[in-house]
>>> print(open('model.txt').read())   # compact mmCIF, C-alpha atoms and all ligand atoms
# COMPACT_ATOMS: atom_id res chain seq x y z
CA MET A 1 0.00 0.00 0.00
CA THR A 2 1.16 3.58 -0.58
CA SER A 3 1.20 6.61 1.73
CA ALA A 4 -1.73 8.06 -0.28
CA ILE A 5 -4.00 5.77 1.69
CA GLU A 6 -5.61 7.43 4.69
CA HIS A 7 -5.69 5.27 7.82
CA ALA A 8 -8.05 5.14 10.80
CA ASP A 9 -8.60 2.69 13.63
CA VAL A 10 -12.30 2.35 12.80
CA LEU A 11 -14.02 3.16 9.52
CA VAL A 12 -17.78 3.58 9.84
CA LEU A 13 -19.57 3.18 6.54
CA GLY A 14 -22.90 5.03 6.64
CA LEU A 15 -23.86 7.73 9.15
CA GLY A 16 -27.56 7.08 9.75
CA PRO A 17 -28.58 6.28 13.35
CA ALA A 18 -26.55 3.05 13.44
CA GLY A 19 -23.38 4.58 11.97
CA ALA A 20 -23.53 7.82 13.95
CA CYS A 21 -23.99 5.87 17.20
CA ALA A 22 -21.15 3.50 16.25
CA ALA A 23 -18.84 6.41 15.45
CA ALA A 24 -19.68 8.10 18.76
CA ALA A 25 -19.19 4.96 20.83
CA ALA A 26 -15.88 4.00 19.17
CA ALA A 27 -14.52 7.54 19.52
CA ARG A 28 -15.59 7.73 23.17
CA ALA A 29 -13.67 4.50 23.76
CA GLY A 30 -10.52 6.14 22.38
CA ALA A 31 -10.42 4.91 18.77
CA ARG A 32 -9.50 7.16 15.83
CA VAL A 33 -12.71 7.08 13.83
CA ILE A 34 -13.56 8.15 10.30
CA GLY A 35 -17.24 7.94 9.32
CA VAL A 36 -18.41 8.47 5.74
CA ASP A 37 -21.83 8.86 4.14
CA ARG A 38 -22.89 9.49 0.56
CA ARG A 39 -25.66 11.83 1.67
CA VAL A 40 -24.90 15.52 1.40
CA ALA A 41 -26.21 16.13 4.95
CA PRO A 42 -27.29 13.85 7.82
CA GLY A 43 -30.78 12.38 7.53
CA VAL A 44 -31.65 14.14 4.25
CA PRO A 45 -33.75 13.16 2.40
CA VAL A 46 -35.94 11.67 5.14
CA GLN A 47 -36.98 8.12 4.24
CA CYS A 48 -38.97 7.28 7.34
CA ALA A 49 -42.39 7.48 9.01
CA GLU A 50 -40.56 8.89 12.08
CA PHE A 51 -42.22 6.89 14.89
CA VAL A 52 -40.13 5.50 17.72
CA PRO A 53 -41.44 3.58 20.69
CA THR A 54 -40.89 5.13 24.13
CA PRO A 55 -38.10 2.90 25.50
CA LEU A 56 -35.56 4.52 23.16
CA GLY A 57 -36.13 7.89 24.82
CA SER A 58 -34.45 7.04 28.07
CA ASN A 59 -31.15 6.27 26.30
CA VAL A 60 -30.80 8.84 23.58
CA ALA A 61 -30.35 12.54 24.28
CA ALA A 62 -30.81 13.31 20.56
CA LEU A 63 -34.43 12.17 20.79
CA ALA A 64 -35.75 14.59 23.39
CA ALA A 65 -34.90 17.72 21.39
CA ASN A 66 -36.45 16.43 18.18
CA VAL A 67 -39.84 15.08 19.23
CA ARG A 68 -42.75 16.65 17.33
CA GLN A 69 -45.58 14.91 19.15
CA SER A 70 -46.34 12.05 21.52
CA ILE A 71 -48.18 8.89 20.60
CA ALA A 72 -50.41 7.22 23.19
CA ALA A 73 -52.13 4.39 21.33
CA MET A 74 -52.34 2.27 18.19
CA ARG A 75 -55.52 1.65 16.20
CA THR A 76 -55.66 -1.28 13.81
CA TRP A 77 -58.14 -1.71 10.97
CA VAL A 78 -58.49 -5.26 9.67
CA GLY A 79 -60.22 -5.01 6.30
CA ASP A 80 -63.55 -3.23 6.73
CA ASP A 81 -63.97 -4.11 10.44
CA PRO A 82 -64.13 -1.25 12.98
CA PRO A 83 -60.69 -0.39 14.41
CA ASP A 84 -59.22 -2.18 17.41
CA LEU A 85 -57.58 0.05 20.02
CA THR A 86 -54.25 -0.87 21.62
CA ALA A 87 -53.54 1.40 24.60
CA PRO A 88 -51.26 2.33 26.06
CA PHE A 89 -48.91 2.16 23.09
CA PRO A 90 -46.54 5.00 23.91
CA GLY A 91 -44.02 6.53 21.55
CA GLN A 92 -42.84 9.68 19.85
CA MET A 93 -43.01 11.16 16.38
CA LEU A 94 -39.71 12.83 15.64
CA ASP A 95 -38.04 15.03 13.08
CA ARG A 96 -35.84 12.32 11.64
CA ASP A 97 -33.45 14.66 9.81
CA ALA A 98 -32.82 16.69 12.98
CA PHE A 99 -32.52 13.46 15.00
CA ASP A 100 -29.91 12.01 12.62
CA ALA A 101 -28.06 15.37 12.60
CA ALA A 102 -28.00 15.41 16.42
CA LEU A 103 -26.52 11.89 16.50
CA VAL A 104 -23.80 12.98 14.06
CA ARG A 105 -23.09 16.07 16.18
CA ALA A 106 -22.67 13.82 19.22
CA ALA A 107 -20.25 11.61 17.26
CA ARG A 108 -18.21 14.65 16.22
CA GLU A 109 -18.18 15.94 19.81
CA ALA A 110 -16.81 12.54 20.86
CA GLY A 111 -13.96 13.03 18.36
CA ALA A 112 -15.16 11.08 15.31
CA ASP A 113 -14.31 12.57 11.91
CA CYS A 114 -17.72 12.40 10.15
CA ARG A 115 -17.71 13.20 6.44
CA PHE A 116 -20.68 13.67 4.11
CA ASP A 117 -21.02 13.66 0.33
CA VAL A 118 -18.55 10.78 0.35
CA PRO A 119 -19.93 7.73 -1.51
CA VAL A 120 -18.00 4.50 -1.06
CA ARG A 121 -17.91 2.63 -4.36
CA ARG A 122 -16.16 -0.58 -3.34
CA LEU A 123 -14.51 -2.44 -0.47
CA SER A 124 -11.62 -4.73 -1.29
CA ALA A 125 -8.75 -6.61 0.31
CA GLU A 126 -5.25 -5.30 -0.54
CA PRO A 127 -1.91 -6.66 0.65
CA ALA A 128 -0.53 -4.61 3.57
CA LEU A 129 2.41 -4.94 5.90
CA SER A 130 1.35 -4.52 9.53
CA ALA A 131 3.73 -3.60 12.37
CA GLY A 132 5.91 -6.51 13.41
CA ALA A 133 4.90 -8.69 10.47
CA ASN A 134 7.43 -9.69 7.80
CA ARG A 135 4.89 -10.73 5.17
CA PRO A 136 2.03 -8.64 3.79
CA GLU A 137 -1.51 -9.84 4.55
CA PRO A 138 -4.77 -8.80 2.87
CA ARG A 139 -6.39 -5.80 4.59
CA ALA A 140 -9.66 -4.05 3.76
CA VAL A 141 -9.65 -0.73 1.99
CA ALA A 142 -12.59 1.46 0.96
CA HIS A 143 -12.50 3.03 -2.50
CA LEU A 144 -14.29 6.38 -2.52
CA ALA A 145 -16.05 7.89 -5.51
CA ASP A 146 -13.39 10.61 -5.83
CA GLY A 147 -10.61 8.02 -6.09
CA ALA A 148 -9.38 8.38 -2.48
CA ILE A 149 -8.73 5.24 -0.45
CA LEU A 150 -9.39 4.68 3.25
CA ALA A 151 -8.02 1.83 5.36
CA ALA A 152 -8.91 0.87 8.93
CA LYS A 153 -8.22 -1.82 11.51
CA VAL A 154 -11.97 -2.48 11.84
CA ILE A 155 -14.92 -1.59 9.60
CA VAL A 156 -18.44 -0.99 10.89
CA GLY A 157 -20.97 -1.51 8.09
CA ALA A 158 -23.93 0.74 8.91
CA ASP A 159 -24.86 1.46 5.32
CA GLY A 160 -28.50 0.44 5.34
CA PRO A 161 -30.60 -2.32 3.77
CA ARG A 162 -28.51 -2.76 0.60
CA SER A 163 -25.22 -2.68 2.46
CA LEU A 164 -21.95 -2.69 0.54
CA ALA A 165 -20.14 -3.90 3.66
CA GLY A 166 -22.64 -6.74 4.04
CA ARG A 167 -22.16 -7.78 0.43
CA ALA A 168 -18.37 -7.71 0.87
CA ILE A 169 -18.61 -10.28 3.70
CA GLY A 170 -21.35 -12.35 2.06
CA CYS A 171 -24.16 -11.25 4.41
CA VAL A 172 -26.96 -9.78 2.31
CA ASN A 173 -30.52 -8.84 3.29
CA ALA A 174 -32.37 -11.27 1.05
CA ALA A 175 -35.91 -10.14 1.90
CA LEU A 176 -36.93 -6.49 1.55
CA VAL A 177 -40.24 -4.65 1.71
CA GLU A 178 -40.77 -1.70 -0.62
CA THR A 179 -42.47 1.42 0.73
CA ARG A 180 -44.10 4.62 -0.44
CA GLN A 181 -45.29 7.50 1.76
CA VAL A 182 -46.92 10.88 1.27
CA THR A 183 -47.11 13.69 3.83
CA VAL A 184 -50.44 15.49 3.95
CA PRO A 185 -52.29 18.01 6.16
CA LEU A 186 -53.95 16.43 9.22
CA HIS A 187 -57.33 18.03 9.92
CA ALA A 188 -57.73 17.11 13.61
CA ALA A 189 -55.12 16.41 16.28
CA HIS A 190 -54.54 12.68 16.70
CA ASP A 191 -52.34 10.75 19.14
CA ALA A 192 -52.42 7.21 17.74
CA THR A 193 -50.59 5.38 14.99
CA ASP A 194 -53.25 4.01 12.60
CA ILE A 195 -52.52 0.69 10.91
CA PHE A 196 -54.44 -0.74 7.94
CA LEU A 197 -54.24 -4.48 7.28
CA ALA A 198 -55.77 -5.92 4.13
CA PRO A 199 -55.17 -8.81 1.74
CA ASP A 200 -54.50 -6.31 -1.06
CA ILE A 201 -51.51 -4.86 0.85
CA PRO A 202 -49.43 -8.07 0.56
CA GLY A 203 -46.45 -8.58 2.84
CA GLY A 204 -46.98 -5.28 4.65
CA TYR A 205 -49.56 -2.76 5.82
CA GLY A 206 -50.84 0.77 5.35
CA TRP A 207 -50.31 3.52 7.90
CA LEU A 208 -51.30 6.98 9.04
CA PHE A 209 -48.83 8.44 11.54
CA PRO A 210 -49.78 11.90 12.90
CA LYS A 211 -47.08 14.54 13.22
CA GLY A 212 -48.55 17.75 14.58
CA GLU A 213 -50.50 19.43 11.81
CA CYS A 214 -49.55 16.88 9.17
CA ALA A 215 -49.57 13.11 8.82
CA HIS A 216 -47.56 10.49 7.01
CA VAL A 217 -49.77 8.17 4.95
CA GLY A 218 -48.00 5.22 3.42
CA ALA A 219 -47.71 1.52 2.80
CA GLY A 220 -45.11 -1.19 2.57
CA VAL A 221 -45.50 -4.27 0.39
CA ASP A 222 -43.68 -7.33 -0.78
CA PRO A 223 -41.53 -6.44 -3.84
CA VAL A 224 -43.79 -8.57 -6.11
CA ALA A 225 -46.51 -5.95 -5.51
CA LYS A 226 -44.21 -2.95 -6.01
CA SER A 227 -45.95 -1.94 -9.23
CA ARG A 228 -49.23 -1.61 -7.25
CA LEU A 229 -47.70 0.45 -4.41
CA LYS A 230 -48.52 3.87 -5.88
CA ALA A 231 -52.17 2.86 -6.34
CA ILE A 232 -52.36 1.34 -2.84
CA VAL A 233 -51.14 4.56 -1.19
CA ALA A 234 -53.33 6.72 -3.44
CA ARG A 235 -56.38 4.65 -2.46
CA LEU A 236 -55.59 4.91 1.26
CA HIS A 237 -54.99 8.66 0.93
CA ALA A 238 -58.26 9.13 -1.02
CA MET A 239 -60.19 7.19 1.64
CA LEU A 240 -58.78 9.40 4.41
CA VAL A 241 -59.57 12.55 2.40
CA GLU A 242 -63.13 11.33 1.91
CA GLN A 243 -63.44 10.73 5.66
CA GLY A 244 -62.32 14.33 6.21
CA ARG A 245 -59.28 13.28 8.22
CA VAL A 246 -56.54 14.60 5.93
CA GLY A 247 -56.13 17.06 3.07
CA SER A 248 -55.41 16.12 -0.50
CA GLU A 249 -52.27 18.30 -0.93
CA ILE A 250 -49.04 16.29 -0.77
CA SER A 251 -46.13 18.18 0.81
CA ALA A 252 -43.57 15.36 0.70
CA LEU A 253 -43.11 12.01 -0.98
CA THR A 254 -40.65 9.36 0.09
CA GLY A 255 -40.03 5.63 0.16
CA GLY A 256 -37.30 3.07 0.35
CA ALA A 257 -36.53 -0.51 1.22
CA ILE A 258 -36.83 -2.11 4.66
CA PRO A 259 -35.09 -5.42 5.44
CA VAL A 260 -37.60 -8.03 6.61
CA GLY A 261 -35.61 -11.24 6.49
CA GLY A 262 -34.11 -11.12 9.99
CA MET A 263 -30.53 -10.78 11.16
CA VAL A 264 -27.63 -11.18 8.74
CA GLY A 265 -23.99 -11.26 9.77
CA PRO A 266 -23.34 -9.40 11.97
CA VAL A 267 -19.65 -10.34 11.94
CA GLY A 268 -17.27 -11.13 9.11
CA ALA A 269 -13.98 -10.06 7.58
CA ILE A 270 -12.49 -8.58 4.44
CA GLY A 271 -9.08 -10.18 4.26
CA ALA A 272 -7.74 -9.90 7.80
CA THR A 273 -9.88 -6.87 8.67
CA PRO A 274 -12.88 -7.53 10.93
CA VAL A 275 -16.24 -6.15 9.75
CA LEU A 276 -19.21 -5.61 12.09
CA LEU A 277 -22.64 -4.89 10.63
CA ALA A 278 -25.21 -2.74 12.48
CA GLY A 279 -28.76 -1.48 11.99
CA ASP A 280 -30.51 -2.22 8.70
CA ALA A 281 -27.23 -3.50 7.22
CA SER A 282 -27.54 -6.32 9.73
CA GLY A 283 -31.27 -6.86 9.06
CA LEU A 284 -32.40 -5.63 12.47
CA ALA A 285 -35.58 -3.82 11.38
CA ASN A 286 -38.61 -5.71 12.65
CA PRO A 287 -39.85 -7.99 9.84
CA VAL A 288 -43.51 -7.26 10.68
CA THR A 289 -43.60 -3.59 11.72
CA GLY A 290 -40.55 -2.41 9.76
CA ALA A 291 -39.39 -0.41 12.79
CA GLY A 292 -35.62 -0.09 12.79
CA ILE A 293 -34.60 3.21 14.41
CA ALA A 294 -34.30 1.85 17.94
CA SER A 295 -32.39 -1.26 16.91
CA ALA A 296 -30.09 0.85 14.73
CA VAL A 297 -29.23 3.06 17.71
CA GLN A 298 -28.69 0.10 20.04
CA SER A 299 -26.72 -2.06 17.63
CA GLY A 300 -24.67 0.89 16.36
CA THR A 301 -23.60 1.78 19.88
CA LEU A 302 -22.63 -1.83 20.60
CA ALA A 303 -20.79 -2.15 17.27
CA GLY A 304 -18.78 1.00 17.99
CA GLU A 305 -17.81 -0.26 21.43
CA ALA A 306 -16.86 -3.65 19.99
CA ALA A 307 -14.83 -2.06 17.18
CA ALA A 308 -12.83 0.01 19.68
CA ALA A 309 -12.29 -3.08 21.82
CA ILE A 310 -10.96 -5.02 18.81
CA VAL A 311 -8.54 -2.17 18.07
CA ALA A 312 -7.40 -2.34 21.70
CA GLY A 313 -6.65 -6.05 21.31
CA ASP A 314 -9.80 -7.73 22.64
CA THR A 315 -9.98 -10.82 20.43
CA ALA A 316 -13.41 -11.87 21.77
CA ALA A 317 -15.13 -8.54 21.09
CA ALA A 318 -16.57 -9.50 17.68
CA THR A 319 -18.08 -12.74 18.97
CA ASP A 320 -19.39 -10.93 22.04
CA TYR A 321 -21.05 -8.38 19.74
CA ALA A 322 -22.81 -11.12 17.75
CA GLU A 323 -24.00 -12.74 20.98
CA GLU A 324 -25.28 -9.42 22.35
CA LEU A 325 -27.32 -8.74 19.20
CA ASP A 326 -28.78 -12.21 19.35
CA ALA A 327 -29.72 -11.76 23.01
CA LEU A 328 -31.29 -8.37 22.36
CA PHE A 329 -33.14 -8.99 19.10
CA GLY A 330 -33.08 -12.72 18.34
CA ARG A 331 -36.42 -13.71 19.88
CA SER A 332 -38.48 -10.80 18.57
CA LEU A 333 -36.99 -11.17 15.08
CA GLU A 334 -37.74 -14.91 15.08
CA ARG A 335 -41.36 -14.37 16.11
CA ALA A 336 -41.89 -11.68 13.48
CA LEU A 337 -40.28 -13.89 10.81
CA GLU A 338 -42.52 -16.79 11.77
CA ARG A 339 -45.62 -14.55 11.45
CA ARG A 340 -44.44 -13.32 8.03
CA ARG A 341 -43.98 -16.91 6.91
CA GLU A 342 -47.48 -17.84 8.09
CA LEU A 343 -49.02 -14.91 6.22
CA ALA A 344 -47.08 -15.76 3.05
CA GLN A 345 -48.36 -19.35 3.25
CA ALA A 346 -51.93 -18.12 3.88
CA ALA A 347 -51.70 -15.89 0.80
CA ALA A 348 -51.96 -18.91 -1.48
CA ARG A 349 -55.43 -19.68 -0.03
CA GLY A 350 -56.52 -16.04 0.29
CA VAL A 351 -55.62 -14.17 3.47
CA SER A 352 -58.42 -14.23 6.08
CA LYS A 353 -59.01 -11.58 8.74
CA SER A 354 -57.90 -14.01 11.44
CA ALA A 355 -54.63 -14.60 9.56
CA LEU A 356 -54.08 -10.83 9.35
CA ARG A 357 -54.68 -10.51 13.13
CA ARG A 358 -52.26 -13.34 13.89
CA GLY A 359 -49.69 -11.45 11.83
CA TRP A 360 -49.91 -8.12 13.65
CA ILE A 361 -48.42 -7.03 17.00
CA ALA A 362 -51.70 -5.54 18.31
CA TYR A 363 -53.34 -8.95 18.75
CA PRO A 364 -52.81 -11.62 21.41
CA GLU A 365 -52.67 -14.21 18.58
CA TYR A 366 -49.42 -12.63 17.40
CA TRP A 367 -47.82 -13.23 20.80
CA ALA A 368 -49.28 -16.72 21.30
CA ALA A 369 -47.12 -19.78 20.68
C1 LIG B 401 -40.61 4.73 4.30
C2 LIG B 401 -39.97 4.19 5.55
C3 LIG B 401 -40.60 4.41 6.76
C4 LIG B 401 -40.00 3.96 7.95
N1 LIG B 401 -40.60 4.26 9.14
C5 LIG B 401 -40.03 3.90 10.30
C6 LIG B 401 -40.59 4.26 11.55
O1 LIG B 401 -41.62 4.97 11.62
N2 LIG B 401 -39.97 3.86 12.68
C7 LIG B 401 -38.83 3.11 12.65
O2 LIG B 401 -38.32 2.74 13.71
N3 LIG B 401 -38.27 2.74 11.48
C8 LIG B 401 -38.82 3.14 10.31
N4 LIG B 401 -38.22 2.81 9.11
C9 LIG B 401 -36.96 2.05 9.14
C10 LIG B 401 -35.82 2.96 9.57
O3 LIG B 401 -35.81 4.13 8.77
C11 LIG B 401 -34.48 2.22 9.43
O4 LIG B 401 -34.59 0.98 10.11
C12 LIG B 401 -33.33 3.02 10.02
O5 LIG B 401 -33.09 4.19 9.26
C13 LIG B 401 -32.05 2.18 10.04
O6 LIG B 401 -30.95 2.97 10.38
P1 LIG B 401 -29.50 2.62 9.79
O7 LIG B 401 -28.57 3.63 10.36
O8 LIG B 401 -29.23 1.19 9.97
O9 LIG B 401 -29.64 2.82 8.22
P2 LIG B 401 -29.94 4.13 7.38
O10 LIG B 401 -30.75 5.10 8.16
O11 LIG B 401 -30.48 3.64 6.08
O12 LIG B 401 -28.50 4.78 7.14
C14 LIG B 401 -27.59 4.21 6.25
C15 LIG B 401 -26.69 5.31 5.74
O13 LIG B 401 -25.67 4.70 4.93
C16 LIG B 401 -25.42 5.56 3.83
N5 LIG B 401 -24.84 4.76 2.75
C17 LIG B 401 -25.37 3.66 2.15
N6 LIG B 401 -24.54 3.18 1.20
C18 LIG B 401 -23.45 4.00 1.19
C19 LIG B 401 -22.26 4.04 0.42
N7 LIG B 401 -22.00 3.14 -0.53
N8 LIG B 401 -21.36 5.03 0.66
C20 LIG B 401 -21.61 5.96 1.63
N9 LIG B 401 -22.72 5.97 2.37
C21 LIG B 401 -23.65 5.01 2.17
C22 LIG B 401 -26.80 6.14 3.48
O14 LIG B 401 -26.66 7.36 2.77
C23 LIG B 401 -27.42 6.32 4.86
O15 LIG B 401 -27.24 7.62 5.39
C24 LIG B 401 -38.78 3.24 7.91
C25 LIG B 401 -38.18 2.99 6.68
C26 LIG B 401 -38.75 3.46 5.51
C27 LIG B 401 -38.06 3.21 4.18
>>> encode(input="model.txt", output="structure tokens", more="lines below")
Ligand SMILES: Cc1cc2nc3c(=O)[nH]c(=O)nc-3n(C[C@H](O)[C@H](O)[C@H](O)COP(=O)(O)OP(=O)(O)OC[C@H]3O[C@@H](n4cnc5c(N)ncnc54)[C@H](O)[C@@H]3O)c2cc1C
Amino acid sequence: MTSAIEHADVLVLGLGPAGACAAAAAARAGARVIGVDRRVAPGVPVQCAEFVPTPLGSNVAALAANVRQSIAAMRTWVGDDPPDLTAPFPGQMLDRDAFDAALVRAAREAGADCRFDVPVRRLSAEPALSAGANRPEPRAVAHLADGAILAAKVIVGADGPRSLAGRAIGCVNAALVETRQVTVPLHAAHDATDIFLAPDIPGGYGWLFPKGECAHVGAGVDPVAKSRLKAIVARLHAMLVEQGRVGSEISALTGGAIPVGGMVGPVGAIGATPVLLAGDASGLANPVTGAGIASAVQSGTLAGEAAAAIVAGDTAAATDYAEELDALFGRSLERALERRRELAQAAARGVSKSALRRGWIAYPEYWAA
């Protein structure tokens, strides 16, 4: 390798919630951290419905300053039945761009060098001579779009559902849900997340999430139904307009993929360089609800701590990280995956209302054995 390569202890690929938390944790633990993201600014454009359940709030200072409204309950519509109320179901609607920016600020304050507008094109293994060694061994380097090269002792892959780092270590999110969401005026204050389950929203659900004077109206579906997604969201929006709940003007449109196949990785290597995956890159979004902010924050923090520990010589840190993720998320991911499988099997016969209830977190059937 030449001196043109820039070196860090920990390279964090992606600076969403998982990457920003990883960068902060690794820097706090004393590692020299470089974090890179292809976005021009943190959290922009927002690709999120912006709901987080309450338990995250006690851990993350960035949340408190960026909450737009509280959520007290969830209402679930199954087909044309009247809604079922789940209360309490506490959480917060946040400004996701400001939240992501606050997490990046915290990482910078901890000493991490966070860079934006820096797309990583490729990760590869190149021969490198490490201190004390007399023969070169393959080490990971990141090739940036502008031709620059970064090398690190550990890489944290926090680069979302279609992770480059994941692909480089052979851990790919095989199952994704596709989403579409519009933001519209909300005509009356509302403090519940509204969920719409129906056989014609396959592999997902529709939603209305209130955010002050506006609401996010959207849907997620299995990729086979992607061509119908625009019509599904338009129909839901039109229904809510007709009911007088929301306005017809659309102030924002977004979408994106959510991993729904359960955990991948989270540990691998490029050459001799350890790679830890976190957040959506590691498939930690819930396969039924699609919620992934809280698990991104938690896993990112743990990945950053583990990366710094590896740099400091802790040879068990990667395995410990994998075990911690399994302990934290394994059971809930497994249950959600099982319910997805059941719904997919039911689809062949035509999905009944009882099958939809069994597949959604509001109902005791979901939690039953
Ligand atoms: C429409 C929609 C609605 C959602 N609603 C909710 C919700 O209400 N609540 C909830 O909890 N979850 C929700 N989610 C899921 C949630 O947004 C994700 O789980 C969460 O963002 C995961 O965080 P992350 O840091 O792992 O990944 P991301 O937030 O995706 O961050 C990954 C970062 O990596 C960067 N990156 C990727 N590739 C490269 C590259 N090659 N080079 C440089 N940078 C790169 C990206 O620019 C990005 O900034 C929603 C998702 C979608 C699509």
>>> closest_residue(input="model.txt", among="A:Leu328, A:Val246, A:Ile310, A:Ala62", to="A:Lys211", atoms="all atoms listed in the file")
A:Val246
>>> residues_around(input="model.txt", residues="A:His190", least_positions_apart="6", cutoff="9 Å", atoms="all atoms listed in the file", output="count of residues only")
5
>>> residues_around(input="model.txt", residues="A:Ala281", least_positions_apart="3", cutoff="8 Å", atoms="only C-alpha atoms", output="PDB file with C-alpha atoms, in the coordinates of the input")
ATOM      1  CA  GLY A 157     -20.970  -1.510   8.090  1.00  0.00           C
ATOM      2  CA  ALA A 158     -23.930   0.740   8.910  1.00  0.00           C
ATOM      3  CA  ASP A 159     -24.860   1.460   5.320  1.00  0.00           C
ATOM      4  CA  GLY A 160     -28.500   0.440   5.340  1.00  0.00           C
ATOM      5  CA  PRO A 161     -30.600  -2.320   3.770  1.00  0.00           C
ATOM      6  CA  ARG A 162     -28.510  -2.760   0.600  1.00  0.00           C
ATOM      7  CA  SER A 163     -25.220  -2.680   2.460  1.00  0.00           C
ATOM      8  CA  ALA A 165     -20.140  -3.900   3.660  1.00  0.00           C
ATOM      9  CA  GLY A 166     -22.640  -6.740   4.040  1.00  0.00           C
ATOM     10  CA  VAL A 172     -26.960  -9.780   2.310  1.00  0.00           C
ATOM     11  CA  ASN A 173     -30.520  -8.840   3.290  1.00  0.00           C
ATOM     12  CA  VAL A 264     -27.630 -11.180   8.740  1.00  0.00           C
ATOM     13  CA  LEU A 277     -22.640  -4.890  10.630  1.00  0.00           C
ATOM     14  CA  ALA A 278     -25.210  -2.740  12.480  1.00  0.00           C
ATOM     15  CA  LEU A 284     -32.400  -5.630  12.470  1.00  0.00           C
TER      16      LEU A 284
END
>>> closest_atom_pairs(input="model.txt", of="chain A", to="ligand LIG 401 (chain B)", cutoff="7 Å", atoms="only C-alpha atoms and all ligand atoms", output="JSON lines")
{"residue": "A:Leu13", "atom": "CA", "partner": "B:LIG401", "partner_atom": "N9", "distance": 5.9}
{"residue": "A:Gly14", "atom": "CA", "partner": "B:LIG401", "partner_atom": "O13", "distance": 3.3}
{"residue": "A:Leu15", "atom": "CA", "partner": "B:LIG401", "partner_atom": "C15", "distance": 5.0}
{"residue": "A:Gly16", "atom": "CA", "partner": "B:LIG401", "partner_atom": "O12", "distance": 3.6}
{"residue": "A:Pro17", "atom": "CA", "partner": "B:LIG401", "partner_atom": "O7", "distance": 4.0}
{"residue": "A:Ala18", "atom": "CA", "partner": "B:LIG401", "partner_atom": "O7", "distance": 3.7}
{"residue": "A:Gly19", "atom": "CA", "partner": "B:LIG401", "partner_atom": "O7", "distance": 5.5}
{"residue": "A:Val36", "atom": "CA", "partner": "B:LIG401", "partner_atom": "C20", "distance": 5.8}
{"residue": "A:Asp37", "atom": "CA", "partner": "B:LIG401", "partner_atom": "N9", "distance": 3.5}
{"residue": "A:Arg38", "atom": "CA", "partner": "B:LIG401", "partner_atom": "C20", "distance": 3.9}
{"residue": "A:Arg39", "atom": "CA", "partner": "B:LIG401", "partner_atom": "O14", "distance": 4.7}
{"residue": "A:Pro42", "atom": "CA", "partner": "B:LIG401", "partner_atom": "O15", "distance": 6.7}
{"residue": "A:Gly43", "atom": "CA", "partner": "B:LIG401", "partner_atom": "O15", "distance": 6.3}
{"residue": "A:Gln47", "atom": "CA", "partner": "B:LIG401", "partner_atom": "C1", "distance": 5.0}
{"residue": "A:Cys48", "atom": "CA", "partner": "B:LIG401", "partner_atom": "C3", "distance": 3.4}
{"residue": "A:Ala49", "atom": "CA", "partner": "B:LIG401", "partner_atom": "N1", "distance": 3.7}
{"residue": "A:Glu50", "atom": "CA", "partner": "B:LIG401", "partner_atom": "O1", "distance": 4.1}
{"residue": "A:Phe51", "atom": "CA", "partner": "B:LIG401", "partner_atom": "O1", "distance": 3.8}
{"residue": "A:Val52", "atom": "CA", "partner": "B:LIG401", "partner_atom": "O2", "distance": 5.2}
{"residue": "A:Val118", "atom": "CA", "partner": "B:LIG401", "partner_atom": "C20", "distance": 5.9}
{"residue": "A:Pro119", "atom": "CA", "partner": "B:LIG401", "partner_atom": "N8", "distance": 3.7}
{"residue": "A:Val120", "atom": "CA", "partner": "B:LIG401", "partner_atom": "N8", "distance": 3.8}
{"residue": "A:Arg121", "atom": "CA", "partner": "B:LIG401", "partner_atom": "N7", "distance": 5.6}
{"residue": "A:Ala158", "atom": "CA", "partner": "B:LIG401", "partner_atom": "O8", "distance": 5.4}
{"residue": "A:Asp159", "atom": "CA", "partner": "B:LIG401", "partner_atom": "O13", "distance": 3.4}
{"residue": "A:Gly160", "atom": "CA", "partner": "B:LIG401", "partner_atom": "O11", "distance": 3.8}
{"residue": "A:Pro161", "atom": "CA", "partner": "B:LIG401", "partner_atom": "O11", "distance": 6.4}
{"residue": "A:Ser163", "atom": "CA", "partner": "B:LIG401", "partner_atom": "N6", "distance": 6.0}
{"residue": "A:Leu164", "atom": "CA", "partner": "B:LIG401", "partner_atom": "N7", "distance": 5.9}
{"residue": "A:Thr179", "atom": "CA", "partner": "B:LIG401", "partner_atom": "C1", "distance": 5.2}
{"residue": "A:Arg180", "atom": "CA", "partner": "B:LIG401", "partner_atom": "C1", "distance": 5.9}
{"residue": "A:Gln181", "atom": "CA", "partner": "B:LIG401", "partner_atom": "C1", "distance": 6.0}
{"residue": "A:Thr254", "atom": "CA", "partner": "B:LIG401", "partner_atom": "C1", "distance": 6.3}
{"residue": "A:Gly255", "atom": "CA", "partner": "B:LIG401", "partner_atom": "C1", "distance": 4.3}
{"residue": "A:Gly256", "atom": "CA", "partner": "B:LIG401", "partner_atom": "C27", "distance": 3.9}
{"residue": "A:Ala257", "atom": "CA", "partner": "B:LIG401", "partner_atom": "C27", "distance": 5.0}
{"residue": "A:Ile258", "atom": "CA", "partner": "B:LIG401", "partner_atom": "C27", "distance": 5.5}
{"residue": "A:Ala278", "atom": "CA", "partner": "B:LIG401", "partner_atom": "O8", "distance": 6.2}
{"residue": "A:Gly279", "atom": "CA", "partner": "B:LIG401", "partner_atom": "O8", "distance": 3.4}
{"residue": "A:Asp280", "atom": "CA", "partner": "B:LIG401", "partner_atom": "O8", "distance": 3.9}
{"residue": "A:Ala281", "atom": "CA", "partner": "B:LIG401", "partner_atom": "O8", "distance": 5.8}
{"residue": "A:Ala285", "atom": "CA", "partner": "B:LIG401", "partner_atom": "O4", "distance": 5.1}
{"residue": "A:Gly290", "atom": "CA", "partner": "B:LIG401", "partner_atom": "N4", "distance": 5.8}
{"residue": "A:Ala291", "atom": "CA", "partner": "B:LIG401", "partner_atom": "O2", "distance": 3.5}
{"residue": "A:Gly292", "atom": "CA", "partner": "B:LIG401", "partner_atom": "O4", "distance": 3.1}
{"residue": "A:Ile293", "atom": "CA", "partner": "B:LIG401", "partner_atom": "O2", "distance": 3.8}
{"residue": "A:Ala294", "atom": "CA", "partner": "B:LIG401", "partner_atom": "O2", "distance": 5.9}
{"residue": "A:Ala296", "atom": "CA", "partner": "B:LIG401", "partner_atom": "O8", "distance": 4.8}
